[in-house]
Structures are given as C-alpha cells and as structure tokens.
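Just coords10.cif here, mmCIF, C-alpha atoms:
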```
data_structure
loop_
_atom_site.label_atom_id
_atom_site.label_comp_id
_atom_site.auth_asym_id
_atom_site.auth_seq_id
_atom_site.Cartn_x
_atom_site.Cartn_y
_atom_site.Cartn_z
CA MET S 1 81.26 278.70 118.53
CA THR S 2 84.07 281.21 118.08
CA GLN S 3 86.87 279.83 115.97
CA PRO S 4 90.52 280.23 116.93
CA ALA S 5 92.68 281.95 114.36
CA LEU S 6 95.59 280.18 112.74
CA ALA S 7 96.86 281.06 109.29
CA LEU S 8 98.07 277.91 107.59
CA SER S 9 99.66 278.30 104.18
CA THR S 10 97.24 277.27 101.44
CA VAL S 11 99.59 274.48 100.40
CA VAL S 12 100.88 272.38 103.29
CA ALA S 13 104.04 270.27 103.18
CA GLY S 14 103.44 266.69 104.29
CA LEU S 15 106.24 264.82 106.07
CA TRP S 16 104.78 261.31 106.11
CA ARG S 17 107.65 259.89 104.07
CA LEU S 18 110.47 262.05 105.44
CA ALA S 19 112.28 259.00 106.82
CA ASP S 20 112.37 257.52 103.30
CA TRP S 21 113.92 260.58 101.65
CA ASN S 22 117.42 259.80 102.96
CA LEU S 23 118.33 263.44 103.53
CA ASP S 24 121.11 264.38 105.92
CA VAL S 25 120.55 267.23 108.36
CA ALA S 26 121.91 269.90 106.03
CA ALA S 27 119.72 268.65 103.19
CA ARG S 28 116.68 268.66 105.45
CA VAL S 29 117.41 272.27 106.43
CA ARG S 30 117.73 273.25 102.78
CA TRP S 31 114.49 271.43 101.91
CA ILE S 32 112.63 273.37 104.60
CA GLU S 33 114.17 276.64 103.43
CA GLN S 34 113.12 275.97 99.85
CA ALA S 35 109.58 275.13 100.94
CA LEU S 36 109.41 278.40 102.85
CA GLU S 37 110.72 280.25 99.80
CA LEU S 38 107.76 278.86 97.85
CA GLY S 39 105.36 280.25 100.45
CA ILE S 40 104.73 276.88 102.10
CA THR S 41 104.93 277.68 105.79
CA SER S 42 102.85 274.83 107.27
CA PHE S 43 104.37 271.39 107.87
CA ASP S 44 102.17 268.37 108.53
CA HIS S 45 103.46 265.62 110.84
CA ALA S 46 102.12 262.76 112.92
CA ASP S 47 103.68 260.98 115.84
CA ILE S 48 103.55 257.63 114.02
CA TYR S 49 105.08 258.75 110.70
CA GLY S 50 108.18 256.78 109.75
CA ASP S 51 107.60 254.29 112.58
CA TYR S 52 107.69 257.20 115.04
CA ARG S 53 110.93 258.58 113.52
CA ALA S 54 109.91 261.34 111.10
CA GLU S 55 109.24 264.08 113.64
CA ALA S 56 112.68 263.70 115.20
CA LEU S 57 114.33 263.95 111.77
CA PHE S 58 112.54 267.24 111.17
CA GLY S 59 113.43 268.37 114.68
CA GLU S 60 117.12 267.78 114.01
CA ALA S 61 116.86 270.25 111.14
CA LEU S 62 115.17 272.83 113.38
CA LYS S 63 117.87 272.35 116.02
CA ALA S 64 120.51 272.98 113.36
CA ALA S 65 118.70 276.10 112.10
CA PRO S 66 116.50 277.33 114.99
CA ALA S 67 115.52 280.57 113.27
CA LEU S 68 113.33 278.52 110.91
CA ARG S 69 110.83 277.70 113.68
CA GLY S 70 109.48 281.24 113.81
CA ARG S 71 108.67 281.16 110.10
CA MET S 72 106.42 278.10 110.14
CA GLN S 73 103.37 276.40 111.59
CA LEU S 74 103.92 272.90 112.98
CA VAL S 75 101.00 270.48 112.70
CA SER S 76 101.01 267.03 114.25
CA LYS S 77 98.57 264.20 114.96
CA CYS S 78 98.14 261.62 117.67
CA GLY S 79 95.70 258.99 118.86
CA ILE S 80 96.92 255.86 117.03
CA ARG S 81 98.86 253.17 118.86
CA LEU S 82 100.80 251.66 115.98
CA ARG S 83 102.69 248.39 116.36
CA CYS S 84 106.41 248.58 115.72
CA ALA S 85 109.61 247.07 117.10
CA ASP S 86 109.57 248.99 120.38
CA ARG S 87 105.76 249.08 120.71
CA PRO S 88 104.67 245.45 120.51
CA TYR S 89 100.92 245.99 120.81
CA ARG S 90 98.82 242.94 120.02
CA VAL S 91 96.88 244.99 117.47
CA ASN S 92 96.98 248.53 116.15
CA HIS S 93 94.35 250.54 117.98
CA TYR S 94 93.16 254.03 118.83
CA ASP S 95 93.57 255.85 122.13
CA THR S 96 92.23 259.31 122.91
CA GLY S 97 92.56 258.93 126.66
CA ALA S 98 94.09 261.87 128.51
CA ALA S 99 97.30 260.06 129.44
CA TYR S 100 98.08 258.93 125.90
CA VAL S 101 97.22 262.22 124.21
CA ARG S 102 99.36 264.10 126.72
CA ALA S 103 102.26 261.66 126.36
CA GLN S 104 102.23 261.88 122.57
CA VAL S 105 101.94 265.68 122.51
CA GLU S 106 104.84 265.98 124.92
CA GLN S 107 106.91 263.53 122.87
CA SER S 108 106.14 265.48 119.68
CA LEU S 109 107.36 268.65 121.39
CA VAL S 110 110.65 266.91 122.18
CA ASN S 111 110.94 265.37 118.73
CA LEU S 112 110.27 268.64 116.92
CA GLN S 113 112.55 270.69 119.19
CA THR S 114 109.79 273.16 120.02
CA ASP S 115 107.88 274.30 123.09
CA ARG S 116 104.51 274.58 121.36
CA LEU S 117 102.63 272.83 118.55
CA ASP S 118 100.54 275.17 116.44
CA LEU S 119 97.91 272.54 115.64
CA VAL S 120 97.32 268.99 116.84
CA LEU S 121 94.81 266.66 115.20
CA ILE S 122 93.23 263.48 116.50
CA HIS S 123 94.46 261.20 113.73
CA ARG S 124 91.52 258.80 113.38
CA PRO S 125 88.08 258.51 114.97
CA ASP S 126 88.34 256.60 118.24
CA TYR S 127 85.16 254.61 118.77
CA LEU S 128 85.83 254.74 122.51
CA MET S 129 86.34 258.51 122.55
CA ASP S 130 84.71 260.34 125.46
CA ALA S 131 84.19 263.71 123.77
CA ALA S 132 83.81 265.71 126.97
CA ALA S 133 86.91 264.12 128.52
CA LEU S 134 88.98 264.66 125.35
CA ALA S 135 87.89 268.29 125.23
CA ALA S 136 89.06 268.67 128.83
CA THR S 137 92.46 267.30 127.77
CA PHE S 138 92.54 269.84 124.94
CA ARG S 139 91.83 272.68 127.35
CA THR S 140 94.50 271.55 129.80
CA LEU S 141 97.24 271.24 127.18
CA THR S 142 96.23 274.58 125.66
CA ARG S 143 96.31 276.25 129.07
CA GLU S 144 99.79 274.83 129.62
CA GLY S 145 100.90 276.45 126.36
CA LYS S 146 101.79 273.15 124.69
CA VAL S 147 99.17 273.23 121.90
CA ALA S 148 97.71 276.35 120.33
CA HIS S 149 94.89 274.82 118.27
CA TRP S 150 93.10 271.50 117.86
CA GLY S 151 91.42 269.62 115.06
CA VAL S 152 90.74 266.13 113.77
CA SER S 153 91.60 263.94 110.81
CA ASN S 154 89.47 261.41 108.92
CA HIS S 155 86.38 262.17 111.02
CA SER S 156 82.86 261.94 109.63
CA ALA S 157 80.59 264.97 109.91
CA SER S 158 78.81 263.48 112.92
CA GLN S 159 82.06 262.53 114.65
CA PHE S 160 83.37 266.05 114.05
CA ALA S 161 80.14 267.58 115.41
CA LEU S 162 80.29 265.47 118.56
CA LEU S 163 83.71 266.78 119.54
CA TYR S 164 83.12 270.28 118.17
CA GLN S 165 80.24 270.83 120.58
CA HIS S 166 82.70 270.43 123.45
CA HIS S 167 85.71 272.33 122.07
CA PRO S 168 86.56 274.55 119.06
CA LEU S 169 88.19 272.61 116.22
CA LEU S 170 90.18 274.28 113.47
CA THR S 171 89.99 271.68 110.71
CA ASN S 172 89.17 268.16 109.59
CA GLN S 173 91.95 266.57 107.53
CA LEU S 174 90.30 264.48 104.82
CA GLU S 175 91.19 262.41 101.79
CA LEU S 176 90.18 264.02 98.51
CA SER S 177 91.43 263.62 94.97
CA PRO S 178 89.97 262.89 91.53
CA LEU S 179 90.36 259.24 92.60
CA ALA S 180 88.82 259.61 96.09
CA LEU S 181 85.54 261.51 96.04
CA GLN S 182 83.80 260.42 99.24
CA ALA S 183 84.26 263.71 101.09
CA LEU S 184 82.20 265.46 98.41
CA ASP S 185 79.16 263.34 99.27
CA ASP S 186 79.40 262.34 102.93
CA GLY S 187 78.78 265.79 104.40
CA ALA S 188 82.31 266.51 105.62
CA LEU S 189 83.00 269.32 103.14
CA ASP S 190 79.47 270.67 103.53
CA GLN S 191 80.08 270.87 107.26
CA ALA S 192 83.35 272.73 106.70
CA GLN S 193 81.54 275.40 104.68
CA GLN S 194 78.72 275.57 107.22
CA LEU S 195 81.19 276.24 110.05
CA GLY S 196 83.54 278.45 108.04
CA LEU S 197 86.43 276.01 108.48
CA HIS S 198 89.02 275.02 105.89
CA PRO S 199 89.71 271.30 105.54
CA MET S 200 93.19 269.92 105.07
CA ILE S 201 93.42 267.42 102.21
CA TRP S 202 95.67 264.36 102.24
CA SER S 203 96.68 262.21 99.26
CA PRO S 204 95.66 264.83 96.65
CA LEU S 205 97.47 262.82 93.95
CA GLY S 206 95.89 259.52 94.92
CA GLY S 207 99.10 258.19 96.41
CA GLY S 208 100.69 258.22 92.96
CA ARG S 209 97.84 256.28 91.31
CA LEU S 210 97.02 259.37 89.30
CA PHE S 211 100.28 258.94 87.36
CA ALA S 212 100.93 255.22 87.38
CA GLY S 213 97.74 253.42 88.34
CA ASP S 214 96.62 250.83 85.79
CA ASP S 215 93.17 250.22 87.25
CA ALA S 216 90.17 251.37 85.22
CA GLN S 217 89.43 254.44 87.33
CA ALA S 218 93.02 255.71 87.30
CA VAL S 219 93.33 255.22 83.53
CA ARG S 220 89.99 256.93 82.92
CA VAL S 221 90.86 259.94 85.11
CA ARG S 222 94.33 260.30 83.64
CA GLN S 223 92.99 260.21 80.08
CA THR S 224 90.47 262.90 80.95
CA MET S 225 92.94 265.13 82.79
CA GLN S 226 95.81 264.99 80.31
CA PRO S 227 94.17 267.10 77.55
CA ILE S 228 92.87 269.60 80.12
CA ALA S 229 96.35 269.95 81.60
CA ALA S 230 97.84 270.36 78.11
CA ARG S 231 95.30 273.05 77.22
CA LEU S 232 96.08 274.95 80.43
CA GLY S 233 99.83 274.48 80.04
CA ILE S 234 100.26 272.80 83.43
CA SER S 235 101.31 269.39 84.71
CA LEU S 236 98.92 266.63 85.67
CA ALA S 237 99.87 267.14 89.32
CA THR S 238 99.18 270.86 89.17
CA LEU S 239 95.77 270.16 87.64
CA ALA S 240 94.95 267.74 90.47
CA TYR S 241 95.82 270.39 93.04
CA ALA S 242 93.80 273.01 91.12
CA TRP S 243 90.84 270.62 91.08
CA ILE S 244 90.95 270.41 94.88
CA LEU S 245 91.51 274.13 95.34
CA ARG S 246 88.41 274.86 93.22
CA HIS S 247 86.18 273.63 96.05
CA PRO S 248 84.50 276.53 97.93
CA SER S 249 85.54 275.20 101.34
CA ARG S 250 88.97 276.66 100.48
CA PRO S 251 90.92 273.52 101.34
CA HIS S 252 94.60 273.15 102.18
CA PRO S 253 96.09 270.36 100.02
CA ILE S 254 99.00 268.53 101.58
CA THR S 255 101.95 267.54 99.42
CA GLY S 256 103.75 264.28 100.01
CA SER S 257 106.86 264.76 97.92
CA GLY S 258 110.46 265.18 98.94
CA ARG S 259 111.13 266.85 95.59
CA ILE S 260 111.00 270.63 95.65
CA ASP S 261 109.66 270.46 92.09
CA GLY S 262 106.77 268.43 93.52
CA LEU S 263 106.02 271.24 95.98
CA ARG S 264 106.37 273.78 93.20
CA GLU S 265 103.72 271.97 91.13
CA ALA S 266 101.30 272.41 94.02
CA VAL S 267 102.08 276.11 94.43
CA VAL S 268 101.58 276.74 90.69
CA ALA S 269 97.98 275.54 91.14
CA LEU S 270 97.24 278.62 93.26
CA ASP S 271 97.20 280.65 90.04
CA VAL S 272 95.09 278.22 88.01
CA SER S 273 91.45 279.14 87.43
CA LEU S 274 89.59 275.92 86.67
CA GLU S 275 86.28 276.16 84.83
CA ALA S 276 83.33 274.31 86.33
CA GLU S 277 82.95 272.18 83.20
CA ASP S 278 86.57 271.01 83.47
CA TRP S 279 86.07 270.30 87.18
CA TYR S 280 83.01 268.20 86.43
CA ALA S 281 84.72 266.41 83.54
CA ILE S 282 87.32 265.21 86.05
CA TRP S 283 84.62 264.34 88.60
CA THR S 284 82.76 262.35 85.94
CA ALA S 285 85.91 260.41 85.10
CA GLY S 286 86.48 259.68 88.78
CA LYS S 287 82.91 258.52 89.32
CA GLY S 288 82.65 256.60 86.09
CA HIS S 289 79.27 258.12 85.25
CA PRO S 290 77.85 261.55 84.39
CA VAL S 291 76.11 263.78 86.91
CA PRO S 292 72.58 262.59 87.72
#
```
Can you dump the structure from the file as structure tokens?
Amino acid sequence: MTQPALALSTVVAGLWRLADWNLDVAARVRWIEQALELGITSFDHADIYGDYRAEALFGEALKAAPALRGRMQLVSKCGIRLRCADRPYRVNHYDTGAAYVRAQVEQSLVNLQTDRLDLVLIHRPDYLMDAAALAATFRTLTREGKVAHWGVSNHSASQFALLYQHHPLLTNQLELSPLALQALDDGALDQAQQLGLHPMIWSPLGGGRLFAGDDAQAVRVRQTMQPIAARLGISLATLAYAWILRHPSRPHPITGSGRIDGLREAVVALDVSLEAEDWYAIWTAGKGHPVP
C-alpha cells in the first residue's frame, strides 16, 4: 500500500501536561518558538489531554501568533471517551464510531485554531472497531480537507494490520524506554520496519522513573546508564533518547517536558552514536537478565 508522505521532526514535542505548566499565552508562544528553534516542528496532542483542555491552550498561542502554524505539524488523537466533570460517563470507554471520530476531529480543529490536522491517531485499540467503517470515516474527513494523514496509537501488530488493510496509516505511537521493552518483542517495531513506517514513541524516560524510581528495575537501569552517560559526556535523559533512536525503525521519540532544556536534551541525542554493546547493556539492565 502506498504510504502518504508527512515529514515529522525526529524529536516530537508532547503536550500531555501542557495544562500543568501554568504558562500564560505569551509564555506558550515563546515555548513553541524555542521548540521550533531547536528543530522540533511536530507537536503531539490528544483531545483528552488536560481533561480536554490542553489543545485549546495551545490553540490560544497559535491565535496570538498565527504565523507559527505554517512552521509545524499538528498531531492529535481521538477515540477515548474519558470521564470528567462535563462528561459524566459511567465508565471510561473507547469509541471509533463515525459520529464520535468526526465530532472529536472537528473539536480539535476548533481548539487548535486550525483548518486541518496534519496527523490524527486512534488513541487506543477499540475492541468494537469496525475497520472498514472507520476507514470510510478516514476517507471522508480526508476528502473534506480536515485531516491530512491517519495513524494509530498503542495498537498491537495485528490490530494495526487489520486497519491498515483498509486505509494507509502513517505510524503507530508506542511506549518504549529502557524501562518498557514490550514493543521490542511483540512485533510492533518489526511491523514498522516491514512496512517502512516510523513509530512515534511515548514515555521515553519512563514517566520520570528513570531518574527517581526506587523499584529494582529503575535502580538497575539507572546504575547501568550513569557510567555510559558519563563516558559519552551526555545526560541520562539524552542517553535514553539515544537508546531509542538507535533502533532501525527510525522512531520519533516524544518529549513530555515543559522545560526547554528538557527538549534540548532530546535534540542532543540526534548526534549521539550508541554502540551496540552499550545498547544491549541497557537492555540487559531493563530485562534483568542477559540475552538468551
């Protein structure tokens, strides 16, 4: 299947916690400008981030500085009905029906002050997904000019393949870090290489566990990584990003920091050449056993 072309920046800025950063509009504009100056041009959102508030906060910055929109790629996700004050669902659940996907895409367009999303991902696998019907929704929204490209997030290789046979998908956004190794073994990254697609990677720093976790795995990984980082003259965070970037699927790690220095640590990793033995030393620490 012919793949659509979309050039995401290798490092992607994640906006999951934007609502917690307490930035006023001017500070949000400056944060975006600084990210762009670092070469980070792709910004990862989801409709539910910040209890459905994060996209609008980003959109306020784009309204204040509209020229920024043409310098970036906007990524969003939909498909989760998340309980919150104004959405009193009985339980959190998934919905990939045409009406809900359309409603959330159109709301994201309003929130982000744009007329087109560069990439939209189905956030989690919906066990009730009708792949052919969802693909038809994709085609309709693409034809209307509202979404340029489609992908998924957190999908297994078989779930990805099911939808991919009905519509081109650009990426699968997966969890991967020295503390979360499942994607290396479950076929998702193998599939990405097979199809020539580049996965997006969330939680590359283990949600902060890499630095502060006191569980056995986090301590073991940190103790292994610290001397490698010291030898290479880089931070622990940069080494974690370099470890991900070493994978031949050419992944796009997603930052989660509101600190520009946090984004800079990710960008520095683009120039780090990690030896296979160092990569496997970190893998061994994460697994807790040597290679078979």
For this session: Please provide the set of residues having any atom within 7 Å of segment 187-204 of chain S, restricted to only C-alpha atoms, with same-chain residues fewer than 3 positions apart removed, written as a list of chain:residue names.
Result: S:Ser156, S:Ala157, S:Leu170, S:Thr171, S:Asn172, S:Gln173, S:Leu174, S:Glu175, S:Leu176, S:Ser177, S:Ala183, S:Leu184, S:Gly207, S:Ala240, S:Tyr241, S:Ser249, S:Arg250, S:Pro251, S:His252, S:Pro253, S:Ile254
For this session: Kindly give the distance, in Å, that separates atom CA of Ala266 of chain S and atom CA of Arg17 of chain S, rounded to a single decimal.
Result: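 Straight-line distance from atom CA of Ala266 of chain S to atom CA of Arg17 of chain S works out to 17.3 Å.
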For this session: Please write the residues picked by the PyMOL selection byres ((chain S and resi 142) around 12) on this file as a list in words.
Result: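 What the PyMOL selection byres ((chain S and resi 142) around 12) grabs from the file is Pro4, Arg102, Val105, Asp115, Arg116, Leu117, Asp118, Leu119, Val120, Ala135, Ala136, Thr137, Phe138, Arg139, Thr140, Leu141, Arg143, Glu144, Gly145, Lys146, Val147, Ala148, His149, Trp150, His167 and Pro168 of chain S.
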For this session: Could you tell me which residues the PyMOL selection byres ((chain S and resi 78) around 9) grabs in this file, written as a list in words?
Result: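 Applying the expression gives Ala46, Asp47, Ile48, Ser76, Lys77, Gly79, Ile80, Arg81, Asp95, Thr96, Tyr100, Val101, Gln104, Val105, Val120, Leu121, Ile122, His123 and Arg124 of chain S.
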Exercise. Which distance in Å separates atom CA of Ile234 of chain S and atom CA of Lys287 of chain S, to one decimal?
Worked result: 23.2 Å
For this session: Could you check which of S:Leu181, S:Leu18, S:Leu236, S:Gly288 is closest to Trp31 of chain S, using all atoms listed in the file?
Result: S:Leu18
Would you please take segment 120-153 of chain S of the structure in the block above and write N, CA and C atoms to a file as a PDB file, in the first residue's frame?
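Writing the result to part05.pdb gives the following:
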```pdb
ATOM      1  N   VAL S 120      -3.841  12.475  12.566  1.00  0.00           N
ATOM      2  CA  VAL S 120      -4.734  12.084  13.658  1.00  0.00           C
ATOM      3  C   VAL S 120      -4.555  10.590  13.916  1.00  0.00           C
ATOM      4  N   LEU S 121      -4.426  10.241  15.180  1.00  0.00           N
ATOM      5  CA  LEU S 121      -4.242   8.854  15.595  1.00  0.00           C
ATOM      6  C   LEU S 121      -5.461   8.374  16.378  1.00  0.00           C
ATOM      7  N   ILE S 122      -5.828   7.118  16.169  1.00  0.00           N
ATOM      8  CA  ILE S 122      -6.793   6.476  17.051  1.00  0.00           C
ATOM      9  C   ILE S 122      -6.038   6.107  18.323  1.00  0.00           C
ATOM     10  N   HIS S 123      -6.452   6.670  19.448  1.00  0.00           N
ATOM     11  CA  HIS S 123      -5.632   6.715  20.654  1.00  0.00           C
ATOM     12  C   HIS S 123      -5.378   5.340  21.273  1.00  0.00           C
ATOM     13  N   ARG S 124      -6.385   4.509  21.315  1.00  0.00           N
ATOM     14  CA  ARG S 124      -6.258   3.163  21.879  1.00  0.00           C
ATOM     15  C   ARG S 124      -7.073   2.187  21.032  1.00  0.00           C
ATOM     16  N   PRO S 125      -6.697   0.914  21.038  1.00  0.00           N
ATOM     17  CA  PRO S 125      -7.475  -0.064  20.269  1.00  0.00           C
ATOM     18  C   PRO S 125      -8.894  -0.180  20.814  1.00  0.00           C
ATOM     19  N   ASP S 126      -9.856  -0.018  19.939  1.00  0.00           N
ATOM     20  CA  ASP S 126     -11.268  -0.150  20.288  1.00  0.00           C
ATOM     21  C   ASP S 126     -11.696  -1.564  19.928  1.00  0.00           C
ATOM     22  N   TYR S 127     -12.053  -2.345  20.924  1.00  0.00           N
ATOM     23  CA  TYR S 127     -12.426  -3.734  20.666  1.00  0.00           C
ATOM     24  C   TYR S 127     -13.676  -3.836  19.804  1.00  0.00           C
ATOM     25  N   LEU S 128     -14.459  -2.781  19.735  1.00  0.00           N
ATOM     26  CA  LEU S 128     -15.664  -2.760  18.916  1.00  0.00           C
ATOM     27  C   LEU S 128     -15.440  -2.046  17.584  1.00  0.00           C
ATOM     28  N   MET S 129     -14.171  -1.801  17.234  1.00  0.00           N
ATOM     29  CA  MET S 129     -13.876  -1.109  15.987  1.00  0.00           C
ATOM     30  C   MET S 129     -14.306  -1.932  14.774  1.00  0.00           C
ATOM     31  N   ASP S 130     -15.052  -1.295  13.885  1.00  0.00           N
ATOM     32  CA  ASP S 130     -15.349  -1.847  12.560  1.00  0.00           C
ATOM     33  C   ASP S 130     -14.331  -1.224  11.621  1.00  0.00           C
ATOM     34  N   ALA S 131     -13.317  -1.998  11.233  1.00  0.00           N
ATOM     35  CA  ALA S 131     -12.185  -1.436  10.498  1.00  0.00           C
ATOM     36  C   ALA S 131     -12.615  -0.810   9.176  1.00  0.00           C
ATOM     37  N   ALA S 132     -13.494  -1.467   8.454  1.00  0.00           N
ATOM     38  CA  ALA S 132     -13.935  -0.928   7.169  1.00  0.00           C
ATOM     39  C   ALA S 132     -14.702   0.382   7.369  1.00  0.00           C
ATOM     40  N   ALA S 133     -15.555   0.435   8.391  1.00  0.00           N
ATOM     41  CA  ALA S 133     -16.324   1.650   8.648  1.00  0.00           C
ATOM     42  C   ALA S 133     -15.419   2.790   9.105  1.00  0.00           C
ATOM     43  N   LEU S 134     -14.419   2.478   9.956  1.00  0.00           N
ATOM     44  CA  LEU S 134     -13.507   3.520  10.413  1.00  0.00           C
ATOM     45  C   LEU S 134     -12.690   4.051   9.242  1.00  0.00           C
ATOM     46  N   ALA S 135     -12.257   3.165   8.364  1.00  0.00           N
ATOM     47  CA  ALA S 135     -11.514   3.606   7.184  1.00  0.00           C
ATOM     48  C   ALA S 135     -12.363   4.528   6.314  1.00  0.00           C
ATOM     49  N   ALA S 136     -13.646   4.245   6.214  1.00  0.00           N
ATOM     50  CA  ALA S 136     -14.542   5.119   5.453  1.00  0.00           C
ATOM     51  C   ALA S 136     -14.617   6.506   6.104  1.00  0.00           C
ATOM     52  N   THR S 137     -14.629   6.546   7.432  1.00  0.00           N
ATOM     53  CA  THR S 137     -14.600   7.828   8.141  1.00  0.00           C
ATOM     54  C   THR S 137     -13.311   8.574   7.839  1.00  0.00           C
ATOM     55  N   PHE S 138     -12.194   7.855   7.851  1.00  0.00           N
ATOM     56  CA  PHE S 138     -10.907   8.468   7.498  1.00  0.00           C
ATOM     57  C   PHE S 138     -10.984   9.103   6.116  1.00  0.00           C
ATOM     58  N   ARG S 139     -11.493   8.351   5.158  1.00  0.00           N
ATOM     59  CA  ARG S 139     -11.533   8.858   3.775  1.00  0.00           C
ATOM     60  C   ARG S 139     -12.411  10.100   3.668  1.00  0.00           C
ATOM     61  N   THR S 140     -13.538  10.094   4.365  1.00  0.00           N
ATOM     62  CA  THR S 140     -14.441  11.239   4.300  1.00  0.00           C
ATOM     63  C   THR S 140     -13.791  12.487   4.876  1.00  0.00           C
ATOM     64  N   LEU S 141     -13.180  12.364   6.049  1.00  0.00           N
ATOM     65  CA  LEU S 141     -12.563  13.527   6.688  1.00  0.00           C
ATOM     66  C   LEU S 141     -11.332  13.999   5.919  1.00  0.00           C
ATOM     67  N   THR S 142     -10.655  13.085   5.268  1.00  0.00           N
ATOM     68  CA  THR S 142      -9.518  13.484   4.416  1.00  0.00           C
ATOM     69  C   THR S 142     -10.024  14.230   3.182  1.00  0.00           C
ATOM     70  N   ARG S 143     -11.071  13.705   2.580  1.00  0.00           N
ATOM     71  CA  ARG S 143     -11.650  14.348   1.397  1.00  0.00           C
ATOM     72  C   ARG S 143     -12.157  15.752   1.721  1.00  0.00           C
ATOM     73  N   GLU S 144     -12.647  15.940   2.928  1.00  0.00           N
ATOM     74  CA  GLU S 144     -13.128  17.255   3.351  1.00  0.00           C
ATOM     75  C   GLU S 144     -11.993  18.204   3.711  1.00  0.00           C
ATOM     76  N   GLY S 145     -10.756  17.705   3.701  1.00  0.00           N
ATOM     77  CA  GLY S 145      -9.604  18.548   3.984  1.00  0.00           C
ATOM     78  C   GLY S 145      -9.350  18.784   5.458  1.00  0.00           C
ATOM     79  N   LYS S 146      -9.998  18.013   6.330  1.00  0.00           N
ATOM     80  CA  LYS S 146      -9.867  18.236   7.767  1.00  0.00           C
ATOM     81  C   LYS S 146      -8.689  17.490   8.383  1.00  0.00           C
ATOM     82  N   VAL S 147      -8.306  16.363   7.785  1.00  0.00           N
ATOM     83  CA  VAL S 147      -7.187  15.556   8.279  1.00  0.00           C
ATOM     84  C   VAL S 147      -6.337  15.136   7.087  1.00  0.00           C
ATOM     85  N   ALA S 148      -5.040  15.369   7.182  1.00  0.00           N
ATOM     86  CA  ALA S 148      -4.162  15.011   6.064  1.00  0.00           C
ATOM     87  C   ALA S 148      -3.724  13.555   6.119  1.00  0.00           C
ATOM     88  N   HIS S 149      -3.430  13.047   7.318  1.00  0.00           N
ATOM     89  CA  HIS S 149      -2.886  11.700   7.462  1.00  0.00           C
ATOM     90  C   HIS S 149      -3.450  11.051   8.717  1.00  0.00           C
ATOM     91  N   TRP S 150      -3.435   9.707   8.714  1.00  0.00           N
ATOM     92  CA  TRP S 150      -4.009   8.942   9.816  1.00  0.00           C
ATOM     93  C   TRP S 150      -3.010   7.932  10.356  1.00  0.00           C
ATOM     94  N   GLY S 151      -3.176   7.580  11.606  1.00  0.00           N
ATOM     95  CA  GLY S 151      -2.365   6.544  12.217  1.00  0.00           C
ATOM     96  C   GLY S 151      -3.076   6.017  13.441  1.00  0.00           C
ATOM     97  N   VAL S 152      -2.340   5.273  14.259  1.00  0.00           N
ATOM     98  CA  VAL S 152      -2.907   4.720  15.483  1.00  0.00           C
ATOM     99  C   VAL S 152      -1.898   4.861  16.603  1.00  0.00           C
ATOM    100  N   SER S 153      -2.345   4.569  17.801  1.00  0.00           N
ATOM    101  CA  SER S 153      -1.501   4.624  18.988  1.00  0.00           C
ATOM    102  C   SER S 153      -1.809   3.411  19.855  1.00  0.00           C
TER     103      SER S 153
END
```
